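Visitor: What follows is a structure written as structure tokens; I'll ask about it next.
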Amino acid sequence: MNEELHSFSHNDTDEIIEKYQESIEEQFEEFSVSHMNNLSISELEEIYSQSNFDYKLLSLFKSSIFEFWEGTEDPDISNLYKIAEDKIAFEYSFNLRRCTIEFTLNTIDYMANKRDIDNQFYNAETGETHTIVYDYPRTYFVASGVLSLINSDVEQVSIDEVYIR
């Protein structure tokens, strides 16, 4: 291992975190929303299941839209590695406050499962053919990326784990 590329002093990591944390937060907020909006219903079922939520009703849903409206909490940048003179790989964990997941399902499926859906989801908006219900989880992410020290862009983003509470 090239010690020069892979080692930082404590002061180096603190300086990097202080200088780039705001940019990393903003970019990961965008990445995480995009990631969540690109998940299939079966992938959301997996997240709900692993988070010990009842996920069985999700199979009725046709689509979802993820939004957050308050911001990042508990951001933690760790395990920084210099991979080139101007690039640093890092791990990042955070959670988003005040998230909304809007689920759409057929109204006939909603009516057939109304009691169970209303016990788990909120604010049903019933239309003639489609119904929208909402969930408001706090969403936690474990991710990684590569930071360009030249333009503060995060590249090669990976959302490695998502769980909800």
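Lettering and numbering for the structure tokens are positional, with chains as A, B, ... in the shown order, residues counted from 1 in each chain, and ligands counted from 1 in the shown order.
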Please list as a ChimeraX atom specification every residue within 12 Å of Val154 in chain A, counting only C-alpha atoms and excluding residues in the same chain fewer than 3 positions away.
Guide: /A:20-31,87-92,143-151,157-158
Visitor: With N, CA and C atoms retained, could you export that selection as a short mmCIF file (atom, residue, chain, number, x, y, z; two decimals), in the first residue's frame?
Guide:
data_model
loop_
_atom_site.label_atom_id
_atom_site.label_comp_id
_atom_site.auth_asym_id
_atom_site.auth_seq_id
_atom_site.Cartn_x
_atom_site.Cartn_y
_atom_site.Cartn_z
N TYR A 20 -15.40 20.69 3.12
CA TYR A 20 -16.26 20.10 2.10
C TYR A 20 -17.59 19.54 2.61
N GLN A 21 -17.82 19.56 3.91
CA GLN A 21 -19.02 18.91 4.46
C GLN A 21 -20.32 19.47 3.88
N GLU A 22 -20.44 20.76 3.78
CA GLU A 22 -21.67 21.37 3.27
C GLU A 22 -21.95 20.92 1.83
N SER A 23 -20.91 20.92 1.01
CA SER A 23 -21.06 20.48 -0.38
C SER A 23 -21.44 19.00 -0.45
N ILE A 24 -20.81 18.19 0.38
CA ILE A 24 -21.12 16.75 0.42
C ILE A 24 -22.57 16.55 0.84
N GLU A 25 -23.01 17.26 1.88
CA GLU A 25 -24.40 17.15 2.34
C GLU A 25 -25.39 17.47 1.23
N GLU A 26 -25.18 18.59 0.58
CA GLU A 26 -26.10 19.02 -0.48
C GLU A 26 -26.16 17.99 -1.61
N GLN A 27 -25.00 17.51 -2.02
CA GLN A 27 -24.98 16.56 -3.13
C GLN A 27 -25.59 15.22 -2.73
N PHE A 28 -25.35 14.77 -1.51
CA PHE A 28 -25.94 13.50 -1.09
C PHE A 28 -27.44 13.61 -0.87
N GLU A 29 -27.93 14.78 -0.51
CA GLU A 29 -29.39 14.96 -0.45
C GLU A 29 -29.99 14.70 -1.82
N GLU A 30 -29.40 15.28 -2.85
CA GLU A 30 -29.89 15.07 -4.22
C GLU A 30 -29.75 13.61 -4.64
N PHE A 31 -28.59 13.01 -4.38
CA PHE A 31 -28.35 11.61 -4.76
C PHE A 31 -29.33 10.68 -4.06
N LYS A 87 -8.19 13.70 -5.37
CA LYS A 87 -9.41 12.92 -5.14
C LYS A 87 -9.31 12.14 -3.83
N ILE A 88 -10.42 12.15 -3.10
CA ILE A 88 -10.48 11.45 -1.83
C ILE A 88 -11.72 10.57 -1.80
N ALA A 89 -11.54 9.31 -1.49
CA ALA A 89 -12.67 8.40 -1.28
C ALA A 89 -13.07 8.50 0.19
N PHE A 90 -14.37 8.34 0.46
CA PHE A 90 -14.84 8.46 1.83
C PHE A 90 -16.13 7.69 2.01
N GLU A 91 -16.47 7.43 3.25
CA GLU A 91 -17.76 6.85 3.61
C GLU A 91 -18.59 7.96 4.25
N TYR A 92 -19.90 7.85 4.08
CA TYR A 92 -20.78 8.91 4.57
C TYR A 92 -22.07 8.29 5.06
N ALA A 143 -23.47 5.44 2.78
CA ALA A 143 -23.06 5.66 1.40
C ALA A 143 -21.55 5.84 1.31
N SER A 144 -21.09 5.98 0.08
CA SER A 144 -19.68 6.28 -0.14
C SER A 144 -19.56 7.08 -1.43
N GLY A 145 -18.43 7.71 -1.59
CA GLY A 145 -18.21 8.50 -2.79
C GLY A 145 -16.76 8.89 -2.93
N VAL A 146 -16.49 9.58 -4.01
CA VAL A 146 -15.16 10.12 -4.28
C VAL A 146 -15.34 11.63 -4.42
N LEU A 147 -14.57 12.37 -3.66
CA LEU A 147 -14.65 13.82 -3.65
C LEU A 147 -13.52 14.42 -4.47
N SER A 148 -13.88 15.29 -5.41
CA SER A 148 -12.88 16.05 -6.16
C SER A 148 -12.51 17.28 -5.34
N LEU A 149 -11.25 17.39 -4.98
CA LEU A 149 -10.80 18.55 -4.20
C LEU A 149 -10.71 19.80 -5.07
N ILE A 150 -10.78 19.63 -6.38
CA ILE A 150 -10.70 20.77 -7.29
C ILE A 150 -12.02 21.51 -7.38
N ASN A 151 -13.13 20.78 -7.59
CA ASN A 151 -14.42 21.45 -7.79
C ASN A 151 -15.48 21.08 -6.75
N VAL A 157 -20.77 7.91 -6.64
CA VAL A 157 -21.60 7.77 -5.46
C VAL A 157 -22.19 6.37 -5.40
N SER A 158 -22.22 5.83 -4.20
CA SER A 158 -22.87 4.55 -3.96
C SER A 158 -23.70 4.67 -2.70
#
Visitor: If we count only C-alpha atoms, what is near Trp69 in chain A at a cut-off of 9 Å, once residues fewer than 5 positions away on the same chain are taken out, given as a PyMOL selection string?
Guide: chain A and resi 96-100
Visitor: Hey, what's within 9 Å of Ile117 in chain A if we count only C-alpha atoms and toss same-chain stuff fewer than 6 positions away? As a VMD selection string, please?
Guide: chain A and resid 57 110 124 133
Visitor: Please dump the current selection as a PDB file, in the first residue's frame; keep N, CA and C atoms.
Guide:
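Contents of selection_0.pdb, freshly written:
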ATOM      1  N   LEU A  57     -48.329  -5.046   2.571  1.00  0.00           N
ATOM      2  CA  LEU A  57     -49.255  -4.225   1.786  1.00  0.00           C
ATOM      3  C   LEU A  57     -48.575  -3.533   0.611  1.00  0.00           C
ATOM      4  N   TYR A 110     -57.340  -0.550  -2.812  1.00  0.00           N
ATOM      5  CA  TYR A 110     -57.435   0.217  -1.569  1.00  0.00           C
ATOM      6  C   TYR A 110     -58.720  -0.136  -0.825  1.00  0.00           C
ATOM      7  N   ALA A 124     -55.241   9.088   3.052  1.00  0.00           N
ATOM      8  CA  ALA A 124     -55.681   8.484   1.790  1.00  0.00           C
ATOM      9  C   ALA A 124     -56.464   9.487   0.960  1.00  0.00           C
ATOM     10  N   VAL A 133     -51.681   7.123  -0.880  1.00  0.00           N
ATOM     11  CA  VAL A 133     -51.491   7.098   0.569  1.00  0.00           C
ATOM     12  C   VAL A 133     -50.053   7.517   0.863  1.00  0.00           C
TER      13      VAL A 133
END
Visitor: Please provide the set of residues having any atom within 10 Å of Ser40 in chain A, restricted to only C-alpha atoms, with same-chain residues fewer than 4 positions apart removed, written as a ChimeraX atom specification.
Guide: /A:36,44-46,62-64
Visitor: Given the selection you just returned, output its residues as a file containing N, CA and C atoms, formatted as an mmCIF file, in the first residue's frame.
Guide:
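File written: part27.cif
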data_model
loop_
_atom_site.group_PDB
_atom_site.id
_atom_site.type_symbol
_atom_site.label_atom_id
_atom_site.label_comp_id
_atom_site.auth_asym_id
_atom_site.auth_seq_id
_atom_site.Cartn_x
_atom_site.Cartn_y
_atom_site.Cartn_z
ATOM 1 N N MET A 36 -33.864 6.949 -4.068
ATOM 2 C CA MET A 36 -35.144 6.461 -3.541
ATOM 3 C C MET A 36 -36.225 6.474 -4.620
ATOM 4 N N LEU A 44 -38.430 -1.349 -2.260
ATOM 5 C CA LEU A 44 -38.963 -0.687 -1.067
ATOM 6 C C LEU A 44 -39.488 -1.711 -0.058
ATOM 7 N N GLU A 45 -40.096 -2.781 -0.565
ATOM 8 C CA GLU A 45 -40.532 -3.862 0.325
ATOM 9 C C GLU A 45 -39.343 -4.405 1.118
ATOM 10 N N GLU A 46 -38.225 -4.563 0.452
ATOM 11 C CA GLU A 46 -37.007 -5.068 1.102
ATOM 12 C C GLU A 46 -36.551 -4.111 2.207
ATOM 13 N N LYS A 62 -48.465 0.551 -6.867
ATOM 14 C CA LYS A 62 -48.013 0.605 -8.259
ATOM 15 C C LYS A 62 -46.794 1.501 -8.445
ATOM 16 N N SER A 63 -46.701 2.554 -7.632
ATOM 17 C CA SER A 63 -45.581 3.486 -7.774
ATOM 18 C C SER A 63 -45.382 4.242 -6.470
ATOM 19 N N SER A 64 -44.235 4.928 -6.400
ATOM 20 C CA SER A 64 -43.936 5.726 -5.207
ATOM 21 C C SER A 64 -43.160 6.976 -5.616
#
Visitor: Would you please extract all strand (DSSP E) residues from range 17-83 of chain A, as assigned by DSSP on the backbone, and give them as a PyMOL selection string?
Guide: chain A and resi 61-83
Visitor: Next, dump the selected residues to file, keeping only N, CA and C atoms, as an mmCIF file, in the first residue's frame.
Guide:
data_model
loop_
_atom_site.group_PDB
_atom_site.id
_atom_site.type_symbol
_atom_site.label_atom_id
_atom_site.label_comp_id
_atom_site.auth_asym_id
_atom_site.auth_seq_id
_atom_site.Cartn_x
_atom_site.Cartn_y
_atom_site.Cartn_z
ATOM 1 N N PHE A 61 -49.061 -1.687 -4.139
ATOM 2 C CA PHE A 61 -48.748 -0.368 -4.668
ATOM 3 C C PHE A 61 -48.151 -0.452 -6.059
ATOM 4 N N LYS A 62 -48.465 0.551 -6.867
ATOM 5 C CA LYS A 62 -48.013 0.605 -8.259
ATOM 6 C C LYS A 62 -46.794 1.501 -8.445
ATOM 7 N N SER A 63 -46.701 2.554 -7.632
ATOM 8 C CA SER A 63 -45.581 3.486 -7.774
ATOM 9 C C SER A 63 -45.382 4.242 -6.470
ATOM 10 N N SER A 64 -44.235 4.928 -6.400
ATOM 11 C CA SER A 64 -43.936 5.726 -5.207
ATOM 12 C C SER A 64 -43.160 6.976 -5.616
ATOM 13 N N ILE A 65 -43.274 7.983 -4.782
ATOM 14 C CA ILE A 65 -42.498 9.217 -4.940
ATOM 15 C C ILE A 65 -41.928 9.551 -3.566
ATOM 16 N N PHE A 66 -40.623 9.746 -3.518
ATOM 17 C CA PHE A 66 -39.925 10.067 -2.271
ATOM 18 C C PHE A 66 -39.552 11.540 -2.273
ATOM 19 N N GLU A 67 -39.810 12.212 -1.153
ATOM 20 C CA GLU A 67 -39.413 13.605 -0.977
ATOM 21 C C GLU A 67 -38.955 13.797 0.460
ATOM 22 N N PHE A 68 -38.122 14.781 0.680
ATOM 23 C CA PHE A 68 -37.822 15.194 2.045
ATOM 24 C C PHE A 68 -37.910 16.705 2.077
ATOM 25 N N TRP A 69 -38.200 17.234 3.257
ATOM 26 C CA TRP A 69 -38.409 18.672 3.298
ATOM 27 C C TRP A 69 -37.816 19.343 4.513
ATOM 28 N N GLU A 70 -36.900 18.692 5.196
ATOM 29 C CA GLU A 70 -36.288 19.396 6.308
ATOM 30 C C GLU A 70 -34.774 19.410 6.270
ATOM 31 N N GLY A 71 -34.138 18.357 5.850
ATOM 32 C CA GLY A 71 -32.684 18.414 5.739
ATOM 33 C C GLY A 71 -31.975 17.207 6.309
ATOM 34 N N THR A 72 -30.654 17.290 6.246
ATOM 35 C CA THR A 72 -29.779 16.213 6.711
ATOM 36 C C THR A 72 -29.549 16.338 8.203
ATOM 37 N N GLU A 73 -29.545 15.195 8.872
ATOM 38 C CA GLU A 73 -29.188 15.148 10.288
ATOM 39 C C GLU A 73 -28.119 14.099 10.494
ATOM 40 N N ASP A 74 -27.312 14.316 11.506
ATOM 41 C CA ASP A 74 -26.273 13.383 11.930
ATOM 42 C C ASP A 74 -25.348 12.962 10.791
ATOM 43 N N PRO A 75 -24.852 13.918 9.997
ATOM 44 C CA PRO A 75 -23.923 13.535 8.932
ATOM 45 C C PRO A 75 -22.591 13.089 9.530
ATOM 46 N N ASP A 76 -22.035 12.039 8.974
ATOM 47 C CA ASP A 76 -20.752 11.537 9.453
ATOM 48 C C ASP A 76 -19.896 11.134 8.258
ATOM 49 N N ILE A 77 -18.822 11.864 8.049
ATOM 50 C CA ILE A 77 -17.860 11.558 7.001
ATOM 51 C C ILE A 77 -16.718 10.798 7.669
ATOM 52 N N SER A 78 -16.411 9.619 7.140
ATOM 53 C CA SER A 78 -15.379 8.807 7.786
ATOM 54 C C SER A 78 -14.553 8.057 6.753
ATOM 55 N N ASN A 79 -13.508 7.429 7.237
ATOM 56 C CA ASN A 79 -12.641 6.577 6.428
ATOM 57 C C ASN A 79 -12.207 7.256 5.133
ATOM 58 N N LEU A 80 -11.563 8.401 5.280
ATOM 59 C CA LEU A 80 -11.074 9.135 4.126
ATOM 60 C C LEU A 80 -9.785 8.509 3.613
ATOM 61 N N TYR A 81 -9.708 8.335 2.290
ATOM 62 C CA TYR A 81 -8.529 7.774 1.641
ATOM 63 C C TYR A 81 -8.183 8.621 0.421
ATOM 64 N N LYS A 82 -6.966 9.058 0.368
ATOM 65 C CA LYS A 82 -6.492 9.796 -0.792
ATOM 66 C C LYS A 82 -6.234 8.784 -1.900
ATOM 67 N N ILE A 83 -6.959 8.912 -3.015
ATOM 68 C CA ILE A 83 -6.790 7.951 -4.104
ATOM 69 C C ILE A 83 -6.064 8.565 -5.294
#
Visitor: What gap, in Å, lies between CA of Asn123 in chain A and CA of Asn38 in chain A?
Guide: 23.4 Å
Visitor: For Thr126 in chain A, please output as a list in words all residues within 10 Å (counting only C-alpha atoms; exclusion window: fewer than 6 positions along the same chain).
Guide: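 The residues that qualify are Thr104, Leu105, Asn106, Thr107, Ile108, Tyr110, Met111, Ile132 and Val133 of chain A.
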Visitor: For those residues, write C-alpha atoms to a file as a short mmCIF file (atom, residue, chain, number, x, y, z; two decimals), in the first residue's frame.
Guide:
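Output contents, as saved in selection12.cif:
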data_model
loop_
_atom_site.label_atom_id
_atom_site.label_comp_id
_atom_site.auth_asym_id
_atom_site.auth_seq_id
_atom_site.Cartn_x
_atom_site.Cartn_y
_atom_site.Cartn_z
CA THR A 104 -50.21 5.05 -5.55
CA LEU A 105 -52.44 2.01 -5.83
CA ASN A 106 -55.63 1.06 -7.61
CA THR A 107 -58.71 2.29 -5.76
CA ILE A 108 -60.29 -1.16 -5.96
CA TYR A 110 -57.44 0.22 -1.57
CA MET A 111 -61.13 -0.42 -0.88
CA ILE A 132 -52.67 7.85 -2.97
CA VAL A 133 -51.49 7.10 0.57
#
Visitor: Looking at only C-alpha atoms, which of A:Ile16, A:Leu39, A:Val142, A:Ile101 is the one that sits closest to Tyr122 in chain A?
Guide: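 Residue with the minimum atom-to-atom distance to Tyr122 in chain A: A:Ile101.
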Visitor: Can you measure CA of His35 in chain A to CA of Phe53 in chain A for me? One decimal in Å is fine.
Guide: 20.2 Å
Visitor: Determine the nearest neighbour of Glu102 in chain A from the options A:Asn37, A:Ser49, A:Arg165, A:Lys114, counting only C-alpha atoms.
Guide: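 Ranked by minimum distance to Glu102 in chain A, first place goes to A:Asn37.
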Visitor: Write out as a VMD selection string all residues of range 36-131 of chain A that backbone DSSP assigns to helix (DSSP H, G or I).
Guide: chain A and resid 36 to 37 41 to 50 56 to 60 107 to 112 114 to 120
Visitor: Would you mind reading off the distance between CA of Ile159 in chain A and CA of Ile41 in chain A, one decimal, in Å?
Guide: 17.3 Å
Visitor: Applying 12 Å and only C-alpha atoms, which residues near Ser51 in chain A remain after dropping the ones on its own chain fewer than 3 positions away? List them as a short mmCIF file (atom, residue, chain, number, x, y, z; two decimals) with N, CA and C atoms, in the first residue's frame.
Guide:
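This went into around-v2.cif:
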data_model
loop_
_atom_site.label_atom_id
_atom_site.label_comp_id
_atom_site.auth_asym_id
_atom_site.auth_seq_id
_atom_site.Cartn_x
_atom_site.Cartn_y
_atom_site.Cartn_z
N LEU A 44 -38.43 -1.35 -2.26
CA LEU A 44 -38.96 -0.69 -1.07
C LEU A 44 -39.49 -1.71 -0.06
N GLU A 45 -40.10 -2.78 -0.57
CA GLU A 45 -40.53 -3.86 0.33
C GLU A 45 -39.34 -4.41 1.12
N GLU A 46 -38.22 -4.56 0.45
CA GLU A 46 -37.01 -5.07 1.10
C GLU A 46 -36.55 -4.11 2.21
N ILE A 47 -36.56 -2.81 1.92
CA ILE A 47 -36.16 -1.82 2.92
C ILE A 47 -37.11 -1.86 4.11
N TYR A 48 -38.41 -1.89 3.85
CA TYR A 48 -39.39 -1.96 4.95
C TYR A 48 -39.19 -3.23 5.75
N ASP A 54 -44.03 -3.60 8.69
CA ASP A 54 -44.89 -4.48 7.92
C ASP A 54 -44.81 -4.05 6.45
N TYR A 55 -44.43 -4.95 5.61
CA TYR A 55 -44.20 -4.62 4.21
C TYR A 55 -45.18 -5.31 3.28
N PRO A 137 -41.54 8.28 7.00
CA PRO A 137 -40.43 7.70 7.77
C PRO A 137 -39.24 8.66 7.89
N ARG A 138 -38.43 8.42 8.90
CA ARG A 138 -37.10 9.02 8.90
C ARG A 138 -36.24 8.02 8.15
N THR A 139 -35.48 8.49 7.19
CA THR A 139 -34.74 7.61 6.29
C THR A 139 -33.24 7.77 6.53
N TYR A 140 -32.58 6.64 6.77
CA TYR A 140 -31.15 6.59 7.09
C TYR A 140 -30.38 6.01 5.91
N GLU A 161 -26.63 1.33 1.81
CA GLU A 161 -27.66 0.79 2.69
C GLU A 161 -28.69 1.89 2.97
N VAL A 162 -29.95 1.48 3.04
CA VAL A 162 -31.04 2.39 3.39
C VAL A 162 -31.90 1.66 4.40
N TYR A 163 -32.24 2.36 5.47
CA TYR A 163 -33.23 1.82 6.40
C TYR A 163 -34.10 2.96 6.92
N ILE A 164 -35.25 2.60 7.43
CA ILE A 164 -36.22 3.61 7.86
C ILE A 164 -36.62 3.37 9.31
N ARG A 165 -37.11 4.41 9.92
CA ARG A 165 -37.68 4.34 11.28
C ARG A 165 -38.97 5.12 11.30
#
